[in-house]
Every structure is written in C-alpha cells, then in structure tokens.
file upload.txt (compact mmCIF, C-alpha atoms)
# COMPACT_ATOMS: atom_id res chain seq x y z
CA MET A 1 -14.31 -11.07 14.45
CA PHE A 2 -10.65 -10.12 14.96
CA GLY A 3 -9.88 -9.45 11.31
CA ILE A 4 -7.34 -12.27 11.06
CA PRO A 5 -7.32 -13.99 7.65
CA LEU A 6 -7.30 -17.78 8.14
CA VAL A 7 -5.87 -19.54 5.09
CA VAL A 8 -5.70 -23.35 5.14
CA GLU A 9 -3.45 -24.85 2.47
CA HIS A 10 -4.69 -28.45 2.78
CA PRO A 11 -8.32 -28.29 3.95
CA LEU A 12 -8.87 -32.06 3.85
CA LEU A 13 -5.71 -32.85 5.82
CA PHE A 14 -6.55 -29.99 8.15
CA GLY A 15 -9.97 -31.54 8.85
CA LEU A 16 -8.39 -34.96 9.37
CA SER A 17 -5.80 -33.48 11.73
CA VAL A 18 -8.47 -31.77 13.81
CA VAL A 19 -10.54 -34.97 14.02
CA GLY A 20 -7.44 -37.04 14.82
CA THR A 21 -6.41 -34.64 17.57
CA VAL A 22 -9.88 -34.71 19.09
CA LEU A 23 -9.87 -38.53 19.03
CA ALA A 24 -6.45 -38.60 20.68
CA PHE A 25 -7.77 -36.24 23.36
CA GLY A 26 -10.61 -38.70 23.86
CA GLY A 27 -8.07 -41.49 24.37
CA LEU A 28 -6.25 -39.40 26.95
CA GLY A 29 -9.59 -38.72 28.63
CA LEU A 30 -10.31 -42.46 28.76
CA LEU A 31 -6.97 -42.98 30.49
CA PHE A 32 -7.84 -40.31 33.06
CA ALA A 33 -11.31 -41.76 33.48
CA VAL A 34 -9.84 -44.89 35.04
CA SER A 35 -8.91 -42.84 38.07
CA PHE A 36 -12.63 -42.31 38.85
CA VAL A 37 -12.81 -45.93 39.94
CA ARG A 38 -10.16 -45.32 42.59
CA PHE A 39 -10.47 -41.68 43.55
CA ARG A 40 -13.58 -39.72 44.41
CA ALA A 41 -11.88 -36.43 43.49
CA ALA A 42 -10.69 -37.61 40.07
CA TRP A 43 -12.58 -34.78 38.33
CA VAL A 44 -9.77 -32.52 39.54
CA LEU A 45 -7.47 -34.12 36.98
CA GLY A 46 -9.41 -32.52 34.13
CA ASN A 47 -9.07 -29.04 35.62
CA PHE A 48 -5.52 -29.63 36.78
CA PHE A 49 -4.16 -30.66 33.37
CA GLU A 50 -5.91 -27.90 31.41
CA TYR A 51 -3.15 -25.25 31.62
CA PRO A 52 -0.20 -27.70 31.54
CA VAL A 53 -1.54 -29.33 28.36
CA TRP A 54 -2.03 -25.94 26.69
CA LEU A 55 1.49 -25.03 27.72
CA ILE A 56 3.55 -28.13 26.98
CA CYS A 57 1.69 -29.37 23.91
CA GLY A 58 2.57 -26.28 21.94
CA PHE A 59 -0.97 -24.97 21.52
CA LEU A 60 -0.07 -21.40 22.42
CA VAL A 61 3.70 -21.37 22.96
CA PRO A 62 6.41 -22.85 20.69
CA LEU A 63 7.99 -25.86 22.39
CA ALA A 64 11.44 -24.45 21.62
CA LEU A 65 10.80 -21.75 24.23
CA LEU A 66 10.25 -24.27 27.02
CA PRO A 67 13.10 -25.80 29.03
CA GLU A 68 14.74 -28.91 27.52
CA TRP A 69 13.49 -31.20 30.29
CA VAL A 70 9.87 -30.45 29.37
CA ARG A 71 10.18 -31.85 25.85
CA PRO A 72 9.98 -35.60 26.69
CA PHE A 73 6.67 -34.85 28.45
CA SER A 74 5.47 -33.07 25.31
CA TRP A 75 6.48 -35.96 23.09
CA VAL A 76 4.41 -38.56 24.98
CA LEU A 77 1.31 -36.36 24.77
CA ALA A 78 -0.65 -37.00 21.59
CA PRO A 79 -2.04 -33.43 21.36
CA THR A 80 1.52 -32.17 20.76
CA TRP A 81 1.68 -34.18 17.54
CA GLY A 82 -1.92 -33.36 16.67
CA MET A 83 -1.20 -29.65 17.00
CA ASN A 84 1.88 -30.06 14.76
CA ALA A 85 -0.30 -31.81 12.17
CA ILE A 86 -2.91 -29.05 12.30
CA ARG A 87 -0.25 -26.39 11.80
CA GLU A 88 1.51 -28.28 9.03
CA SER A 89 -1.74 -28.80 7.11
CA ALA A 90 -2.69 -25.15 7.51
CA LEU A 91 0.72 -23.89 6.42
CA GLY A 92 1.15 -26.28 3.49
CA GLY A 93 3.64 -28.72 5.02
CA SER A 94 3.32 -32.49 5.41
CA PRO A 95 1.07 -33.27 8.38
CA LEU A 96 0.78 -37.04 7.87
CA PRO A 97 3.78 -38.16 9.98
CA ASP A 98 2.63 -36.03 12.92
CA LEU A 99 -0.97 -37.18 12.47
CA LEU A 100 0.10 -40.83 12.48
CA VAL A 101 2.08 -40.40 15.68
CA CYS A 102 -0.88 -38.58 17.22
CA LEU A 103 -3.29 -41.37 16.28
CA GLY A 104 -0.78 -44.03 17.37
CA LEU A 105 -0.40 -42.44 20.79
CA GLY A 106 -4.18 -42.01 21.03
CA ALA A 107 -4.66 -45.71 20.26
CA ALA A 108 -2.01 -46.58 22.85
CA TYR A 109 -3.89 -44.52 25.46
CA VAL A 110 -7.09 -46.38 24.64
CA ALA A 111 -5.39 -49.80 24.81
CA PHE A 112 -3.65 -48.95 28.06
CA GLY A 113 -6.85 -47.39 29.44
CA VAL A 114 -8.84 -50.57 28.69
CA LEU A 115 -6.19 -52.74 30.33
CA VAL A 116 -5.95 -50.56 33.42
CA THR A 117 -9.74 -50.18 33.68
CA ASP A 118 -10.14 -53.93 33.63
CA ARG A 119 -7.47 -54.36 36.29
CA VAL A 120 -8.81 -51.58 38.51
CA LEU A 121 -12.42 -52.80 38.25
CA ARG A 122 -11.40 -56.36 39.14
CA ASP A 123 -9.44 -55.01 42.07
CA ALA A 124 -12.41 -52.90 43.21
CA ARG A 125 -14.73 -55.94 43.01
CA ALA A 126 -12.28 -58.12 44.93
CA ARG A 127 -11.95 -55.55 47.72
CA GLY A 128 -15.54 -54.40 47.60
CA SER A 129 -14.18 -50.85 47.52
CA LEU A 130 -16.13 -49.41 44.60
CA SER A 131 -18.46 -47.35 46.75
CA LEU A 132 -15.83 -46.53 49.37
CA THR A 133 -13.50 -44.31 47.36
CA MET F 1 -24.19 -7.51 69.72
CA ILE F 2 -22.56 -10.65 71.13
CA VAL F 3 -25.08 -12.80 69.28
CA ALA F 4 -24.26 -11.02 66.02
CA ALA F 5 -20.52 -11.48 66.66
CA ARG F 6 -21.04 -15.19 67.37
CA ILE F 7 -23.06 -15.61 64.17
CA PHE F 8 -20.43 -13.67 62.23
CA VAL F 9 -17.37 -15.53 63.51
CA ILE F 10 -18.53 -19.00 64.57
CA GLY F 11 -21.21 -19.26 61.88
CA GLY F 12 -18.75 -18.18 59.20
CA VAL F 13 -15.99 -20.52 60.33
CA THR F 14 -18.40 -23.46 60.72
CA SER F 15 -19.81 -22.88 57.26
CA PHE F 16 -16.31 -22.66 55.77
CA ARG F 17 -15.31 -25.86 57.55
CA GLY F 18 -18.36 -27.46 55.96
CA LEU F 19 -16.69 -26.99 52.57
CA TRP F 20 -13.95 -29.36 53.60
CA TYR F 21 -16.20 -32.40 53.54
CA TRP F 22 -15.50 -32.37 49.80
CA LEU F 23 -12.65 -29.82 49.48
CA THR F 24 -10.03 -32.31 50.63
CA PRO F 25 -6.29 -31.71 50.22
CA TRP F 26 -6.50 -33.91 47.11
CA ILE F 27 -8.67 -31.19 45.57
CA TYR F 28 -7.35 -28.10 47.34
CA VAL F 29 -3.67 -28.54 46.47
CA PRO F 30 -4.07 -29.14 42.70
CA THR F 31 -6.80 -26.55 42.16
CA MET F 32 -5.73 -23.79 44.57
CA LEU F 33 -1.97 -24.10 44.80
CA ILE F 34 -0.67 -25.77 41.63
CA ALA F 35 -3.14 -24.67 38.93
CA PRO F 36 -2.44 -20.93 39.45
CA ILE F 37 1.27 -21.59 38.96
CA PHE F 38 0.55 -23.15 35.58
CA GLN F 39 -1.75 -20.25 34.70
CA ILE F 40 1.09 -17.83 35.50
CA LEU F 41 3.59 -19.90 33.49
CA LEU F 42 1.23 -20.21 30.51
CA PHE F 43 0.67 -16.48 30.17
CA ALA F 44 4.30 -15.61 30.97
CA TYR F 45 5.45 -17.91 28.15
CA ILE F 46 2.80 -16.53 25.80
CA GLY F 47 4.16 -13.09 26.64
CA ARG F 48 7.73 -14.21 25.98
CA SER F 49 6.72 -15.95 22.75
CA ALA F 50 4.83 -12.94 21.41
CA GLY F 51 7.35 -10.41 22.78
CA LEU F 52 4.70 -8.59 24.76
CA GLU F 53 4.87 -7.80 28.46
CA SER F 54 7.42 -8.86 31.09
CA ASP F 55 7.20 -11.95 33.31
CA LYS F 56 6.48 -9.62 36.23
CA PHE F 57 3.41 -8.26 34.44
CA TYR F 58 1.88 -11.73 33.99
CA LEU F 59 3.00 -12.96 37.40
CA ILE F 60 1.22 -10.20 39.28
CA GLY F 61 -1.85 -10.16 37.05
CA ASN F 62 -2.49 -13.88 37.19
CA ALA F 63 -1.54 -14.41 40.83
CA LEU F 64 -4.06 -11.82 41.95
CA GLN F 65 -6.72 -12.80 39.43
CA TYR F 66 -6.56 -16.44 40.53
CA ALA F 67 -7.99 -15.40 43.90
CA SER F 68 -11.28 -15.33 42.01
CA ILE F 69 -11.41 -19.14 42.02
CA PRO F 70 -11.67 -19.50 45.81
CA CYS F 71 -13.66 -16.28 46.20
CA LEU F 72 -16.30 -17.03 43.56
CA PHE F 73 -16.60 -20.78 44.01
CA ALA F 74 -16.44 -20.86 47.81
CA MET F 75 -19.08 -18.16 48.23
CA ALA F 76 -21.39 -19.87 45.75
CA GLN F 77 -20.77 -23.26 47.34
CA MET F 78 -21.47 -21.97 50.82
CA ILE F 79 -24.98 -20.90 49.85
CA GLY F 80 -25.59 -23.40 47.04
CA GLY F 81 -24.11 -26.27 49.06
CA GLU F 82 -26.34 -25.55 52.03
CA ARG F 83 -29.31 -25.33 49.71
CA TYR F 84 -28.36 -28.62 48.05
CA GLN F 85 -28.10 -30.36 51.42
CA ASN F 86 -31.36 -28.84 52.65
CA THR F 87 -29.69 -27.05 55.56
CA LEU F 88 -30.25 -23.55 54.17
CA SER F 89 -33.95 -23.56 55.02
CA ALA F 90 -33.11 -24.30 58.66
CA ILE F 91 -30.79 -21.29 58.71
CA LEU F 92 -33.16 -18.95 56.94
CA VAL F 93 -36.11 -19.88 59.11
CA SER F 94 -34.17 -18.65 62.15
CA PRO F 95 -34.47 -15.03 63.27
CA ALA F 96 -30.66 -14.62 63.08
CA PRO F 97 -29.65 -11.18 61.80
CA ARG F 98 -28.79 -11.55 58.14
CA ILE F 99 -25.83 -9.17 57.94
CA PRO F 100 -23.55 -11.20 60.26
CA LEU F 101 -25.06 -14.39 58.88
CA PHE F 102 -24.06 -13.72 55.27
CA PHE F 103 -20.98 -11.54 55.81
CA GLY F 104 -19.61 -13.95 58.41
CA ARG F 105 -19.53 -16.54 55.65
CA SER F 106 -17.47 -14.15 53.54
CA LEU F 107 -14.60 -13.59 55.97
CA PRO F 108 -12.91 -17.02 55.72
CA VAL F 109 -13.34 -16.82 51.94
CA VAL F 110 -11.49 -13.50 51.82
CA LEU F 111 -8.63 -14.92 53.89
CA ASN F 112 -8.43 -18.07 51.79
CA GLY F 113 -8.50 -16.08 48.54
CA ALA F 114 -5.70 -13.84 49.81
CA PHE F 115 -3.66 -16.89 50.82
CA VAL F 116 -4.05 -18.47 47.36
CA ALA F 117 -3.01 -15.24 45.62
CA ALA F 118 -0.04 -14.66 47.96
CA PHE F 119 1.14 -18.25 47.57
CA SER F 120 0.89 -18.01 43.77
CA LEU F 121 2.77 -14.72 43.75
CA CYS F 122 5.62 -16.05 45.91
CA VAL F 123 6.04 -19.39 44.12
CA GLY F 124 5.57 -17.80 40.67
CA ALA F 125 8.23 -15.18 41.49
CA LEU F 126 10.66 -17.91 42.53
CA ILE F 127 10.05 -20.01 39.40
CA LEU F 128 10.21 -17.08 36.96
CA ASN F 129 13.04 -15.43 38.89
CA VAL F 130 11.09 -12.20 39.24
CA HIS F 131 12.53 -9.82 41.80
CA LEU F 132 10.08 -8.05 44.09
CA PRO F 133 11.59 -5.40 46.38
CA ALA F 134 11.42 -6.33 50.06
CA SER F 135 9.82 -2.96 50.80
CA SER F 136 6.83 -4.00 48.66
CA PHE F 137 6.00 -7.19 50.59
CA ALA F 138 3.76 -5.63 53.24
CA PRO F 139 1.93 -3.26 50.83
CA LEU F 140 1.49 -6.15 48.39
CA ALA F 141 -0.03 -8.27 51.17
CA LEU F 142 -2.49 -5.46 51.84
CA VAL F 143 -3.37 -5.11 48.16
CA ILE F 144 -3.89 -8.87 47.87
CA LEU F 145 -6.21 -8.79 50.88
CA VAL F 146 -8.17 -5.91 49.36
CA ALA F 147 -8.40 -7.74 46.02
CA ALA F 148 -9.73 -10.86 47.77
CA PHE F 149 -12.25 -8.71 49.65
CA SER F 150 -13.36 -7.08 46.42
CA CYS F 151 -13.82 -10.38 44.60
CA THR F 152 -15.63 -11.89 47.58
CA GLY F 153 -18.12 -9.04 47.17
CA LEU F 154 -18.72 -10.28 43.65
CA GLY F 155 -18.79 -13.79 45.11
CA LEU F 156 -21.70 -12.72 47.31
CA VAL F 157 -23.62 -11.70 44.17
CA ASN F 158 -22.68 -15.07 42.72
CA ALA F 159 -23.87 -16.76 45.93
CA ALA F 160 -27.21 -14.98 45.61
CA ALA F 161 -27.54 -16.44 42.12
CA SER F 162 -27.16 -19.87 43.76
CA LEU F 163 -30.61 -19.33 45.25
CA ARG F 164 -32.10 -19.17 41.76
CA ILE F 165 -29.97 -21.51 39.65
CA ARG F 166 -28.76 -25.02 40.29
CA GLU F 167 -25.49 -25.15 38.31
CA ASN F 168 -23.66 -22.20 39.77
CA ALA F 169 -20.22 -23.64 38.92
CA VAL F 170 -20.84 -22.82 35.26
CA LEU F 171 -21.63 -19.20 36.13
CA SER F 172 -18.50 -19.01 38.32
CA ASN F 173 -16.37 -20.24 35.43
CA VAL F 174 -17.89 -17.67 33.08
CA ILE F 175 -17.20 -14.85 35.56
CA PHE F 176 -13.64 -16.16 35.96
CA GLY F 177 -13.16 -15.89 32.19
CA PHE F 178 -14.47 -12.32 32.14
CA LEU F 179 -12.11 -11.34 34.96
CA LEU F 180 -9.19 -12.95 33.14
CA ILE F 181 -9.77 -10.79 30.08
CA PHE F 182 -11.19 -7.52 31.41
CA THR F 183 -9.14 -6.75 34.53
CA GLY F 184 -5.80 -6.14 32.86
CA ALA F 185 -4.37 -9.37 34.28
CA ASN F 186 -2.99 -10.33 30.88
CA VAL F 187 -3.79 -7.48 28.52
CA PRO F 188 -2.94 -3.88 29.43
CA LEU F 189 -6.14 -1.88 29.81
CA ASP F 190 -4.87 0.63 27.23
CA ASP F 191 -4.82 -2.14 24.61
CA LEU F 192 -8.41 -3.18 25.26
CA PRO F 193 -11.31 -1.60 23.37
CA ASP F 194 -12.68 1.45 25.19
CA TRP F 195 -15.88 -0.25 26.31
CA MET F 196 -13.88 -3.10 27.86
CA SER F 197 -11.46 -0.88 29.75
CA THR F 198 -14.40 1.21 30.95
CA ALA F 199 -16.26 -1.90 32.13
CA ALA F 200 -13.05 -3.05 33.85
CA GLN F 201 -13.21 -0.03 36.18
CA GLY F 202 -16.21 -1.62 37.84
CA MET F 203 -14.72 -5.08 38.21
CA PRO F 204 -12.75 -6.60 41.07
CA PHE F 205 -8.96 -6.87 40.61
CA THR F 206 -8.59 -4.09 38.02
CA HIS F 207 -7.36 -1.50 40.50
CA ALA F 208 -5.63 -4.01 42.78
CA ILE F 209 -3.58 -5.46 39.91
CA GLU F 210 -2.53 -1.98 38.83
CA ALA F 211 -1.63 -1.09 42.42
CA ALA F 212 0.37 -4.31 42.85
CA ARG F 213 2.29 -3.65 39.62
CA GLN F 214 3.17 -0.14 40.75
CA LEU F 215 4.27 -1.43 44.17
CA ALA F 216 6.44 -4.07 42.53
CA ASP F 217 8.04 -1.29 40.48
CA GLY F 218 8.98 0.58 43.64
CA ALA F 219 5.96 2.79 44.36
CA SER F 220 5.03 3.41 47.97
CA LEU F 221 1.74 2.55 49.62
CA ALA F 222 0.82 6.24 49.61
CA ASP F 223 1.30 6.34 45.83
CA VAL F 224 -1.33 3.66 45.27
CA ARG F 225 -3.83 4.60 47.96
CA GLY F 226 -6.26 5.89 45.33
CA LEU F 227 -6.21 2.53 43.55
CA ILE F 228 -6.66 0.65 46.82
CA GLY F 229 -9.56 2.92 47.72
CA ALA F 230 -11.17 2.30 44.33
CA GLU F 231 -10.77 -1.46 44.76
CA LEU F 232 -12.33 -1.28 48.23
CA LEU F 233 -15.22 0.75 46.84
CA VAL F 234 -15.83 -1.76 44.05
CA GLY F 235 -15.80 -4.61 46.59
CA ALA F 236 -18.15 -2.76 48.95
CA ILE F 237 -20.62 -2.05 46.13
CA TYR F 238 -20.65 -5.71 45.10
CA GLY F 239 -20.95 -6.77 48.74
CA ILE F 240 -23.98 -4.54 49.31
CA ALA F 241 -25.51 -5.62 46.00
CA GLY F 242 -24.89 -9.26 46.90
CA TYR F 243 -26.49 -8.84 50.30
CA ALA F 244 -29.50 -7.07 48.79
CA LEU F 245 -29.88 -9.83 46.20
CA LEU F 246 -29.61 -12.53 48.86
CA ARG F 247 -32.35 -10.88 50.90
CA TRP F 248 -34.53 -10.40 47.82
CA PHE F 249 -34.11 -14.00 46.65
CA GLU F 250 -34.70 -15.21 50.19
CA ILE F 251 -38.05 -13.37 50.23
CA LEU F 252 -38.91 -14.70 46.76
CA SER F 253 -37.96 -18.22 47.83
CA ARG F 254 -40.28 -18.00 50.84
CA ARG F 255 -43.09 -16.58 48.75
CA ASN F 256 -42.78 -19.18 46.00
CA ALA F 257 -41.63 -22.05 48.25
CA SER F 258 -38.73 -22.46 45.84
CA LEU F 259 -35.81 -22.60 48.26
CA GLU F 260 -35.17 -26.26 47.63
CA ARG F 261 -35.91 -26.36 43.93
CA SER F 262 -34.34 -24.47 41.06
call {"tool": "encode", "arguments": {"input": "upload.txt", "output": "structure tokens"}}
result
Amino acid sequence: MFGIPLVVEHPLLFGLSVVGTVLAFGGLGLLFAVSFVRFRAAWVLGNFFEYPVWLICGFLVPLALLPEWVRPFSWVLAPTWGMNAIRESALGGSPLPDLLVCLGLGAAYVAFGVLVTDRVLRDARARGSLSLT
Amino acid sequence: MIVAARIFVIGGVTSFRGLWYWLTPWIYVPTMLIAPIFQILLFAYIGRSAGLESDKFYLIGNALQYASIPCLFAMAQMIGGERYQNTLSAILVSPAPRIPLFFGRSLPVVLNGAFVAAFSLCVGALILNVHLPASSFAPLALVILVAAFSCTGLGLVNAAASLRIRENAVLSNVIFGFLLIFTGANVPLDDLPDWMSTAAQGMPFTHAIEAARQLADGASLADVRGLIGAELLVGAIYGIAGYALLRWFEILSRRNASLERS
C-alpha cells in the first residue's frame, strides 16, 4: 500500500517473536485485569497505557532518544524485549535472547497476576465488596 | 424565550452533570488530562526520531486534536446514555423546543473540550520546553474555543448516530483516528495526498490547528481571522447537520417505535 519493501531475514524466528510478544502482552493484560476486581473504572488502564507503551517500549521511537530515567521502566515491560526480538529477526540478528527475556517477563506477569488475583478475590469475598466497587 | 433559555442552560448543565455518574475523577484525569500529554510526547518523539517537524508542531496539533475525545464522546454519551437509561423518551415526548434542548447539551461539552485542549497545550509546552509568546495566549484561547465548538458540531452528528446504533464508542474512536491523520495535527497538509488535504478542509481542527501554529509563530489575531472564520463555518455546518439528523432520527424513532432498541 505504501510501497515499502518488507524483507524478513529469519521468517520462522520473526513469527515466533511476534507470537511471543503477543503472549507477553496477554500476560500484561492479565495483570491489569486483576484491577477489575477492585476498581469499577479499571477499563481506563487499557486506554491510559496505550500511548506510554508505544512510546517507552520502542515500538515507534528508539529508546536511546528517551531520557535515561525512562529506561528501567522499558526494561521491565516485556513488549520492549519482544519488539527487539521482532526487529532482530527481521534484520538478520539474533532475536533469541530478547525473545527469552520477553517470554520470561510474560510468564512472570502471569504468575504474579494469578497470585494477586487469588489474593484480591479472597479479600473481596471476606469483605463482601465484590459488587460494591 | 425564558423557557428556551432555561432548557438551554439548566437542561444542558444537568445533562452534563449526568455524565459524572460514571465519569469520575478516576476516569477523567487519566483519559482527559494525562493521555493527551502522552499523545503529544509520542508524536513529538516520533518527529525527533525521524527528523521531521518541530516539537511545537506536534504540541499544537495534538493538544488541539485531543479536544475531539471529550467533544465526540461526551456528545454521543449525552444522547446515547439517556437512550440507554430510558430517559430520552421522556425528554422527547415533551413539547420542549428542540434547538435549546440539543444545543444546550453542547455548550458544556464545548467548554470541557476547550479546557482539555488548553490544559494539554500548557502542560505539553512545559514538558517539551516549547516557548509560546505571551501575546499569543489570548488568541490561542480563542482558537481553542473555536476548535472545540467546531468538533462539538461533529459531535452532534455523532450524537445523532447514537439514536440508530448501540455501540457509538467504536464510531467515536474511528472518527478520532480520521481527525488524527487528516487535520494536519501530525502530518503537514502539503505532505498528504491531494484528496486527503481536500477532505481535511471540511473537517474540524484543520483550520484551527493552522491558526494556532501561526499564532505561536508570532502572527496576530487579525492575520488568522480567515482561518478562524473557516473553522467556525465548518463547526456551524456540522452543528446544523447534526441537529437536522437528530430531528430526522427522532421522527424515525417515533414512527418505528425504535427509540429504545438499536
């Protein structure tokens, strides 16, 4: 449509990187989903984090352009590593280390999300506050 | 006359206050005050990264364009929300004159949209260290108000659509995307294909953003009066079209008994 040639050096790794990044996003979503138990307006989180995630995960802007203090936030976000893996696989580099970090962080989100969900649900049952938030 | 004024002012304010049963500060602050700052930062950094336009270009474009969120969503919610809660039929069954009824609901939306854009412009300028001449503050405030008026006109069209479709939020998001691309907020109109820059002339924000950029570069209010007039005209046309559509859909809803179903 825009006349831009898209050449992918490692198609298989590229596909894996895309799938891994999507899964990691799902893990992050699960973590956010916990907030629905406590806050009625939790859907705002999805909208609120849209631009920041695009910005600080390096989707559209190189991280080197951002202030130094932003980088630790980028590093704990799995999509940053997923995006690196996608780029590396497209450009012919080695995406596996980035992909592994991305999947590791995604798994950590899921584990933490399950733990927190369990805790928050038990708390909501104990207080009878599920329908009050 | 007094009845019309009461419907315009009190009806409009009451309807706007009705939004706050769900538009709590927990929603208002992130979506109306913080999200536009990140939109400005995102496009400013894209501009820096790609070596395109200046921070000032993206600051003004995105601050003004973000007024479309309150203008489009609030107008749609005011009609769609009343329909959803089954209060719209009680309003429409009354003999209240429709012009103050519908336009009264627009006034608080215009003011809120202008506030969101002005807040985004001020905070974005501070963060990006963009200098705006003091002499441009008052003219910029006027341009922002005109831009919010213009987009609220489009919001009225969007509100009319709420009488026919259930999920108006999706339509509002689509319109937001069009305005982001077409109005010159992030891409100079000269760089857009001809058909897009031509279509942009009939959209809210296009002329207001251009006027605001010229004011920020030192132009006087007199220099941009043509652009402000064009923006007002665009808003008025959408407002009239929105009102006509609302009346038409109201008649159709009565005829088909479809006011409370999509």
call {"tool": "atom_distance", "arguments": {"input": "upload.txt", "atom1": "CA of Ala44 in chain F", "atom2": "CA of Phe32 in chain A"}}
result
27.6 Å
call {"tool": "closest_residue", "arguments": {"input": "upload.txt", "among": "A:Pro5, A:Pro72, A:Gly106, A:Gly82", "to": "Phe59 in chain A", "atoms": "only C-alpha atoms"}}
result
A:Gly82
call {"tool": "residues_near_point", "arguments": {"input": "upload.txt", "point": "(-30.1, -20.4, 44.4)", "cutoff": "8 Å", "atoms": "only C-alpha atoms", "output": "list in words"}}
result
Ile79, Gly80, Arg83, Ala159, Ala160, Ala161, Ser162, Leu163, Arg164, Ile165, Arg166, Phe249, Leu259 and Ser262 of chain F
call {"tool": "interface_residues", "arguments": {"input": "upload.txt", "of": "chain F", "to": "chain A", "cutoff": "6 Å", "atoms": "all atoms listed in the file", "output": "list of chain:residue names"}}
result
F:Ala35, F:Phe38, F:Leu42, F:Ile46
call {"tool": "residues_around", "arguments": {"input": "upload.txt", "residues": "range 114-122 of chain A", "least_positions_apart": "5", "cutoff": "8 Å", "atoms": "all atoms listed in the file", "output": "list in words"}}
result
Val34, Val37 and Arg38 of chain A
call {"tool": "atom_distance", "arguments": {"input": "upload.txt", "atom1": "CA of Ala114 in chain F", "atom2": "CA of Cys71 in chain F"}}
result
9.1 Å
call {"tool": "closest_residue", "arguments": {"input": "upload.txt", "among": "F:Leu192, F:Leu128, F:Val110, F:Leu33", "to": "Asp55 in chain F", "atoms": "only C-alpha atoms"}}
result
F:Leu128
call {"tool": "residues_around", "arguments": {"input": "upload.txt", "residues": "range 215-230 of chain F", "least_positions_apart": "5", "cutoff": "10 Å", "atoms": "only C-alpha atoms", "output": "MDAnalysis selection string"}}
result
chainID F and resid 56:57 60 130:140 142:144 146:147 150 201:202 204 206:210 235:236
call {"tool": "closest_residue", "arguments": {"input": "upload.txt", "among": "F:Ala63, F:Met1, F:Leu145, F:Leu245", "to": "Leu41 in chain F", "atoms": "only C-alpha atoms"}}
result
F:Ala63
call {"tool": "closest_residue", "arguments": {"input": "upload.txt", "among": "A:Met1, A:Gly113, A:Gly58, A:Val8", "to": "Ala33 in chain A", "atoms": "all atoms listed in the file"}}
result
A:Gly113
call {"tool": "atom_distance", "arguments": {"input": "upload.txt", "atom1": "CA of Gly20 in chain A", "atom2": "CA of Phe73 in chain A"}}
result
19.7 Å
call {"tool": "residues_around", "arguments": {"input": "upload.txt", "residues": "Thr14 in chain F", "least_positions_apart": "5", "cutoff": "10 Å", "atoms": "all atoms listed in the file", "output": "PyMOL selection string"}}
result
chain F and resi 7+9+19+104-105+108
call {"tool": "write_last_selection", "arguments": {"input": "upload.txt", "atoms": "C-alpha atoms", "output": "PDB file, in the frame of the given file"}}
result
ATOM      1  CA  ILE F   7     -23.060 -15.610  64.170  1.00  0.00           C
ATOM      2  CA  VAL F   9     -17.370 -15.530  63.510  1.00  0.00           C
ATOM      3  CA  LEU F  19     -16.690 -26.990  52.570  1.00  0.00           C
ATOM      4  CA  GLY F 104     -19.610 -13.950  58.410  1.00  0.00           C
ATOM      5  CA  ARG F 105     -19.530 -16.540  55.650  1.00  0.00           C
ATOM      6  CA  PRO F 108     -12.910 -17.020  55.720  1.00  0.00           C
TER       7      PRO F 108
END
call {"tool": "closest_atom_pairs", "arguments": {"input": "upload.txt", "of": "range 85-118 of chain F", "to": "range 122-126 of chain F", "cutoff": "12 Å", "atoms": "all atoms listed in the file", "output": "CSV"}}
result
residue,atom,partner,partner_atom,distance
F:Phe115,CA,F:Cys122,CA,10.5
F:Val116,CA,F:Cys122,CA,10.1
F:Ala117,CA,F:Cys122,CA,8.7
F:Ala118,CA,F:Cys122,CA,6.2
call {"tool": "write_last_selection", "arguments": {"input": "upload.txt", "atoms": "C-alpha atoms", "output": "CSV table (one decimal), in the coordinates of the input"}}
result
chain,number,residue,atom,x,y,z
F,115,PHE,CA,-3.7,-16.9,50.8
F,116,VAL,CA,-4.0,-18.5,47.4
F,117,ALA,CA,-3.0,-15.2,45.6
F,118,ALA,CA,0.0,-14.7,48.0
